[in-house]
Amino acid sequence: MNPPTAAKHPQLLVLHDDERVDDYFWLSNLEDPQTLAYLEAENTYTQAQMQPTATLQTSLYEEMLGRIKETDLSVPYLQGNYYYYSRTETGLAYSIYCRKKGIDAPEEILLDQNKLAQGHEYFSLGTFQISPNQQILAYAVDTSGAEQYTLQFLDLNTHQLYPETIADTYFSTAWANDNQTIYYTKVDATNRPYQLYRHFLGTPASEDILVYHEPDEAYFVFVGKSRSQAYILIRTSSKITSEVHYLDANQPNGAFQVFQPRVTGVEYRIEHHRDRFYIVTNEAAINFKLMSTPVTATAKENWQTVIPHREEIMLSGVSAFVNHLVIYERKGGLSTARIENLSTGKSHEITFTEPTYSFSEGNNPEFNTTTLRYNYTSLITPQSVFDYDMETQQRELKKETEVLGGYDKTQYKSEWIFATATDGTQIPISLVYKQGTQRDGNPLFLTGYGAYGAAYPAGFSSQRLSLLDRGIIFAIAHIRGGGEMGRKWYEEGKFLHKKNTFTDFIACAEHLIAERWTDGDRLVISGGSAGGLLMGAVVNMRPDLFKAVIADVPFVDVVTTILDTSLPLSATEWEEWGNPNDKIYYDYMKSYSPYDNVTAQNYPEMLITAGLNDSRVKYWEPAKWTAKLRELKTDNNILLLKTNMGAGHGGASGRYDSLQELAFKYAFVLNCLDVKI
């Protein structure tokens, strides 16, 4: 079967006084019947090309499913008088949310997502907020994948829905302490949360009061509540600037007060503790510092230093409890936490022994407690939930996710190694492989992200065992643009330094080949979204280095997208990539934009994915990129585009459908690597 060919309809685009003809711009018009026809043709071609792997896909799906305890229970957490948890049942795609009034009390089902998802190809639960008196549940659902949620309210005494529904909401909500007033955010035409509304339970949404409006297209609006339950907090932020407004949660009809007016380039977050606010800020502190101020005097001149800026340690955040402050940090590329006793002033650190891992705060809704719940995982340790006594320093493992089939972590090994970038910078790489694996040009799966200051988590995946047990090494390139090594690490991979992200990844690949971890003809790479941009850039720069590529929902038409402010991730992205209305940034972005730099050369085997309802990376970016690759590439290597016609940025929503998608990708990998097992 021949690959589909997208018709060329040349269209002149004038971008920053630069005239450019885009032959595939027409694919952005979903009303053109040729667009859907092309996407369907690509899906048909992809299905036909992957048909020889159908048995392998089934085998992979069954073995991955076989490692999952399908009927399972999360660790209950205490909120008010109830223990809350979720559970799954064999054959059901989504979690069921429950609670008990006492750990041994009868179960009360709050929300069964499986029932809500009936009749929908896609289903996602957004906000899930219990009122302070534990009698009302606010929850929101998205049934398209476009990340536009409809908010509803459930009476937990009668299990009847309130009559009102609120459309086009975002993820964040916050209850006032009267149990009748809730704050929520709404999105604009570009899916940016830009307004905060106050809703009084039982009244029509049309009567809701607009509390805050953010006109600046670079800013997102979020709402939340302090753990102390004392304040409702609005946080409005761009990529480099933030501002907080606060309101006494006992005075829901009151006026929000600005904590500290925004200053371009200054970020801050606040945490309430009794008569003080703690402030994490990067003002004159690239790796952030910790300040505090009385609740009655939030102006900056009243701030006092608690933890000064440190060159080698990134302050990630703080959590306040009645007698303790938890201080989250990154040191040497790894996350840690320090616990400070606010009565004695003494502190200690929570430490971990594995060379690479992921650690984060768990569910901790209660302020008056000495127990910190945290999550821990590594490349060989399944997701684990711990309760840590901040007084005695004792930790209790509440649950380690069970891997069926006799998983033995001692049969695998993880490492933390370094590659040298072109400018001499040492780039960390996390590795995991089966014990006994020799460095002999092995098949290797390398992934990365490198954007938004996000550190790529070195976490466990039972599905990944399907690669490791077939002798494939798995690696993560912790490249610049991410946040692994502090804020400077991020700054060195954005704006006019963005190419460091790409050359770092190439350096990691070259190092793995030079050290005989793999060979170029046995190296598969993968990345999604901004990581898909990474994939597009590195295959343009060094297509000879990789055997195969998976680019999930890739952000590849950088210049055209960011110039179009009617799209999501446009104006808001100027502080990540640069403003292309400035010729310096325009020329720089154009020099690496994957779509703009496809050339007549050989490319690796490629699998590209898209979501028709994707509101972050529009489906036409991967579609246009695929069409242009088909036109210009000079090889006969396989090139596949797979568009999920009923989902968005995250792909399939149900756990079984998600496994099917992963089995498809793994089959592609194994087929490219000619792994027959």
# chains A, B, ... in the order shown; residues from 1 in each chain; ligands from 1

$ select_by_dssp --residues "range 315-440 of chain A" --states "strand (DSSP E or B)" --output "ChimeraX atom specification"
/A:315-320,324-331,334-341,347-350,357-361,371-378,384-389,395-400,403,412-420,426-434

$ residues_around --residues "range 378-385 of chain A" --least-positions-apart "5" --cutoff "6 Å" --atoms "only C-alpha atoms" --output "ChimeraX atom specification"
/A:357-358,398-401,409,458-460

$ select_by_dssp --residues "range 227-453 of chain A" --states "helix (DSSP H, G or I)" --output "number ranges by chain"
A: 300-302, 409-411

$ residues_around --residues "Ala230 in chain A" --least-positions-apart "4" --cutoff "12 Å" --atoms "only C-alpha atoms" --output "number ranges by chain"
A: 132, 174-178, 224-226, 246-252, 271-277, 295, 367

$ write_last_selection --atoms "N, CA and C atoms" --output "PDB file, in the first residue's frame"
ATOM      1  N   PRO A 132     -16.104  22.384  52.680  1.00  0.00           N
ATOM      2  CA  PRO A 132     -15.539  22.274  54.032  1.00  0.00           C
ATOM      3  C   PRO A 132     -16.376  21.423  54.988  1.00  0.00           C
ATOM      4  N   ALA A 174     -12.306  26.666  44.261  1.00  0.00           N
ATOM      5  CA  ALA A 174     -12.055  26.795  45.700  1.00  0.00           C
ATOM      6  C   ALA A 174     -13.357  27.126  46.418  1.00  0.00           C
ATOM      7  N   TRP A 175     -13.650  26.389  47.481  1.00  0.00           N
ATOM      8  CA  TRP A 175     -14.830  26.630  48.311  1.00  0.00           C
ATOM      9  C   TRP A 175     -14.532  27.685  49.368  1.00  0.00           C
ATOM     10  N   ALA A 176     -15.470  28.583  49.590  1.00  0.00           N
ATOM     11  CA  ALA A 176     -15.419  29.454  50.767  1.00  0.00           C
ATOM     12  C   ALA A 176     -15.893  28.664  51.977  1.00  0.00           C
ATOM     13  N   ASN A 177     -15.675  29.198  53.159  1.00  0.00           N
ATOM     14  CA  ASN A 177     -16.001  28.457  54.380  1.00  0.00           C
ATOM     15  C   ASN A 177     -17.484  28.429  54.723  1.00  0.00           C
ATOM     16  N   ASP A 178     -18.319  29.132  53.928  1.00  0.00           N
ATOM     17  CA  ASP A 178     -19.761  29.081  54.195  1.00  0.00           C
ATOM     18  C   ASP A 178     -20.418  27.852  53.565  1.00  0.00           C
ATOM     19  N   GLY A 224      -7.237  28.791  44.361  1.00  0.00           N
ATOM     20  CA  GLY A 224      -7.040  27.705  45.314  1.00  0.00           C
ATOM     21  C   GLY A 224      -7.320  28.195  46.723  1.00  0.00           C
ATOM     22  N   LYS A 225      -6.997  27.346  47.675  1.00  0.00           N
ATOM     23  CA  LYS A 225      -7.266  27.670  49.073  1.00  0.00           C
ATOM     24  C   LYS A 225      -6.070  27.245  49.910  1.00  0.00           C
ATOM     25  N   SER A 226      -5.743  28.038  50.894  1.00  0.00           N
ATOM     26  CA  SER A 226      -4.628  27.672  51.762  1.00  0.00           C
ATOM     27  C   SER A 226      -4.980  26.418  52.561  1.00  0.00           C
ATOM     28  N   TYR A 246      -5.613  37.712  47.631  1.00  0.00           N
ATOM     29  CA  TYR A 246      -6.093  36.848  48.707  1.00  0.00           C
ATOM     30  C   TYR A 246      -7.358  37.430  49.332  1.00  0.00           C
ATOM     31  N   LEU A 247      -8.147  36.512  49.922  1.00  0.00           N
ATOM     32  CA  LEU A 247      -9.425  36.883  50.536  1.00  0.00           C
ATOM     33  C   LEU A 247      -9.674  35.982  51.727  1.00  0.00           C
ATOM     34  N   ASP A 248     -10.142  36.564  52.808  1.00  0.00           N
ATOM     35  CA  ASP A 248     -10.553  35.791  53.983  1.00  0.00           C
ATOM     36  C   ASP A 248     -11.647  34.812  53.558  1.00  0.00           C
ATOM     37  N   ALA A 249     -11.400  33.507  53.743  1.00  0.00           N
ATOM     38  CA  ALA A 249     -12.358  32.487  53.299  1.00  0.00           C
ATOM     39  C   ALA A 249     -13.658  32.518  54.080  1.00  0.00           C
ATOM     40  N   ASN A 250     -13.685  33.244  55.198  1.00  0.00           N
ATOM     41  CA  ASN A 250     -14.924  33.411  55.966  1.00  0.00           C
ATOM     42  C   ASN A 250     -15.746  34.602  55.477  1.00  0.00           C
ATOM     43  N   GLN A 251     -15.199  35.356  54.523  1.00  0.00           N
ATOM     44  CA  GLN A 251     -15.887  36.547  53.994  1.00  0.00           C
ATOM     45  C   GLN A 251     -16.012  36.424  52.468  1.00  0.00           C
ATOM     46  N   PRO A 252     -16.787  35.458  51.986  1.00  0.00           N
ATOM     47  CA  PRO A 252     -16.802  35.171  50.544  1.00  0.00           C
ATOM     48  C   PRO A 252     -17.282  36.310  49.674  1.00  0.00           C
ATOM     49  N   GLU A 271       2.321  30.883  51.041  1.00  0.00           N
ATOM     50  CA  GLU A 271       1.795  29.804  51.884  1.00  0.00           C
ATOM     51  C   GLU A 271       1.443  30.413  53.237  1.00  0.00           C
ATOM     52  N   HIS A 272       0.230  30.145  53.727  1.00  0.00           N
ATOM     53  CA  HIS A 272      -0.218  30.753  54.983  1.00  0.00           C
ATOM     54  C   HIS A 272       0.118  29.869  56.175  1.00  0.00           C
ATOM     55  N   HIS A 273       0.572  30.516  57.264  1.00  0.00           N
ATOM     56  CA  HIS A 273       0.790  29.821  58.531  1.00  0.00           C
ATOM     57  C   HIS A 273       0.469  30.776  59.681  1.00  0.00           C
ATOM     58  N   ARG A 274      -0.686  30.544  60.323  1.00  0.00           N
ATOM     59  CA  ARG A 274      -1.121  31.327  61.475  1.00  0.00           C
ATOM     60  C   ARG A 274      -1.078  32.833  61.181  1.00  0.00           C
ATOM     61  N   ASP A 275      -0.164  33.566  61.823  1.00  0.00           N
ATOM     62  CA  ASP A 275      -0.166  35.019  61.668  1.00  0.00           C
ATOM     63  C   ASP A 275       0.819  35.498  60.604  1.00  0.00           C
ATOM     64  N   ARG A 276       1.319  34.551  59.769  1.00  0.00           N
ATOM     65  CA  ARG A 276       2.323  34.932  58.772  1.00  0.00           C
ATOM     66  C   ARG A 276       2.027  34.288  57.414  1.00  0.00           C
ATOM     67  N   PHE A 277       2.557  34.902  56.396  1.00  0.00           N
ATOM     68  CA  PHE A 277       2.642  34.295  55.076  1.00  0.00           C
ATOM     69  C   PHE A 277       4.111  33.993  54.781  1.00  0.00           C
ATOM     70  N   VAL A 295       0.541  38.634  58.225  1.00  0.00           N
ATOM     71  CA  VAL A 295      -0.647  38.621  57.363  1.00  0.00           C
ATOM     72  C   VAL A 295      -1.256  40.013  57.244  1.00  0.00           C
ATOM     73  N   PHE A 367      -4.174  20.630  58.013  1.00  0.00           N
ATOM     74  CA  PHE A 367      -3.174  21.564  58.516  1.00  0.00           C
ATOM     75  C   PHE A 367      -2.643  21.128  59.882  1.00  0.00           C
TER      76      PHE A 367
END

$ closest_residue --among "A:Asn179, A:Ser59, A:Thr293, A:Thr127" --to "Phe222 in chain A" --atoms "only C-alpha atoms"
A:Thr127

$ atom_distance --atom1 "CA of Lys547 in chain A" --atom2 "CA of Asp469 in chain A"
20.1 Å

$ residues_around --residues "Arg487 in chain A" --least-positions-apart "5" --cutoff "9 Å" --atoms "only C-alpha atoms" --output "mmCIF file with C-alpha atoms, in the first residue's frame"
data_model
loop_
_atom_site.group_PDB
_atom_site.id
_atom_site.type_symbol
_atom_site.label_atom_id
_atom_site.label_comp_id
_atom_site.auth_asym_id
_atom_site.auth_seq_id
_atom_site.Cartn_x
_atom_site.Cartn_y
_atom_site.Cartn_z
ATOM 1 C CA ILE A 286 17.470 32.941 40.315
ATOM 2 C CA ASN A 287 17.095 29.725 42.359
ATOM 3 C CA PHE A 288 14.448 31.333 44.586
ATOM 4 C CA MET A 314 16.929 25.296 43.943
ATOM 5 C CA GLY A 453 11.657 24.329 33.596
ATOM 6 C CA GLY A 482 14.147 21.501 32.063
ATOM 7 C CA GLU A 492 20.041 28.072 29.378
#

$ closest_residue --among "A:Val598, A:Ile417, A:Ala514, A:Leu659" --to "Gly333 in chain A" --atoms "only C-alpha atoms"
A:Ile417

$ residues_around --residues "Glu415 in chain A" --least-positions-apart "4" --cutoff "8 Å" --atoms "only C-alpha atoms" --output "MDAnalysis selection string"
chainID A and resid 355:356 430:432

$ closest_residue --among "A:Val244, A:Thr447, A:Leu111, A:Tyr456" --to "Leu161 in chain A" --atoms "only C-alpha atoms"
A:Leu111

$ closest_residue --among "A:Gln134, A:Met1, A:Pro365, A:Val75" --to "Phe386 in chain A" --atoms "only C-alpha atoms"
A:Val75

$ closest_residue --among "A:Leu545, A:Leu30, A:Leu632, A:Val266" --to "Leu523 in chain A" --atoms "only C-alpha atoms"
A:Leu545

$ residues_around --residues "Val263 in chain A" --least-positions-apart "5" --cutoff "12 Å" --atoms "only C-alpha atoms" --output "PyMOL selection string"
chain A and resi 237-238+240-244+268+281-283+300

$ write_last_selection --atoms "C-alpha atoms" --output "PDB file, in the first residue's frame"
ATOM      1  CA  SER A 237       0.955  34.098  36.195  1.00  0.00           C
ATOM      2  CA  SER A 238       2.828  34.178  32.938  1.00  0.00           C
ATOM      3  CA  ILE A 240       8.152  34.697  34.073  1.00  0.00           C
ATOM      4  CA  THR A 241       5.865  36.845  36.246  1.00  0.00           C
ATOM      5  CA  SER A 242       3.216  36.158  38.879  1.00  0.00           C
ATOM      6  CA  GLU A 243       0.853  37.963  41.208  1.00  0.00           C
ATOM      7  CA  VAL A 244      -1.308  36.735  44.103  1.00  0.00           C
ATOM      8  CA  TYR A 268       6.284  34.502  43.811  1.00  0.00           C
ATOM      9  CA  THR A 281      10.257  34.277  45.210  1.00  0.00           C
ATOM     10  CA  ASN A 282      12.961  34.652  42.583  1.00  0.00           C
ATOM     11  CA  GLU A 283      13.432  38.383  43.039  1.00  0.00           C
ATOM     12  CA  LYS A 300       7.423  43.909  50.096  1.00  0.00           C
TER      13      LYS A 300
END

$ residues_around --residues "Lys499 in chain A" --least-positions-apart "6" --cutoff "9 Å" --atoms "only C-alpha atoms" --output "number ranges by chain"
A: 493, 537, 592

$ closest_residue --among "A:Val211, A:His16, A:Asn364, A:Thr643" --to "Asn579 in chain A" --atoms "only C-alpha atoms"
A:His16

$ atom_distance --atom1 "CA of Gln601 in chain A" --atom2 "CA of Ala509 in chain A"
20.1 Å
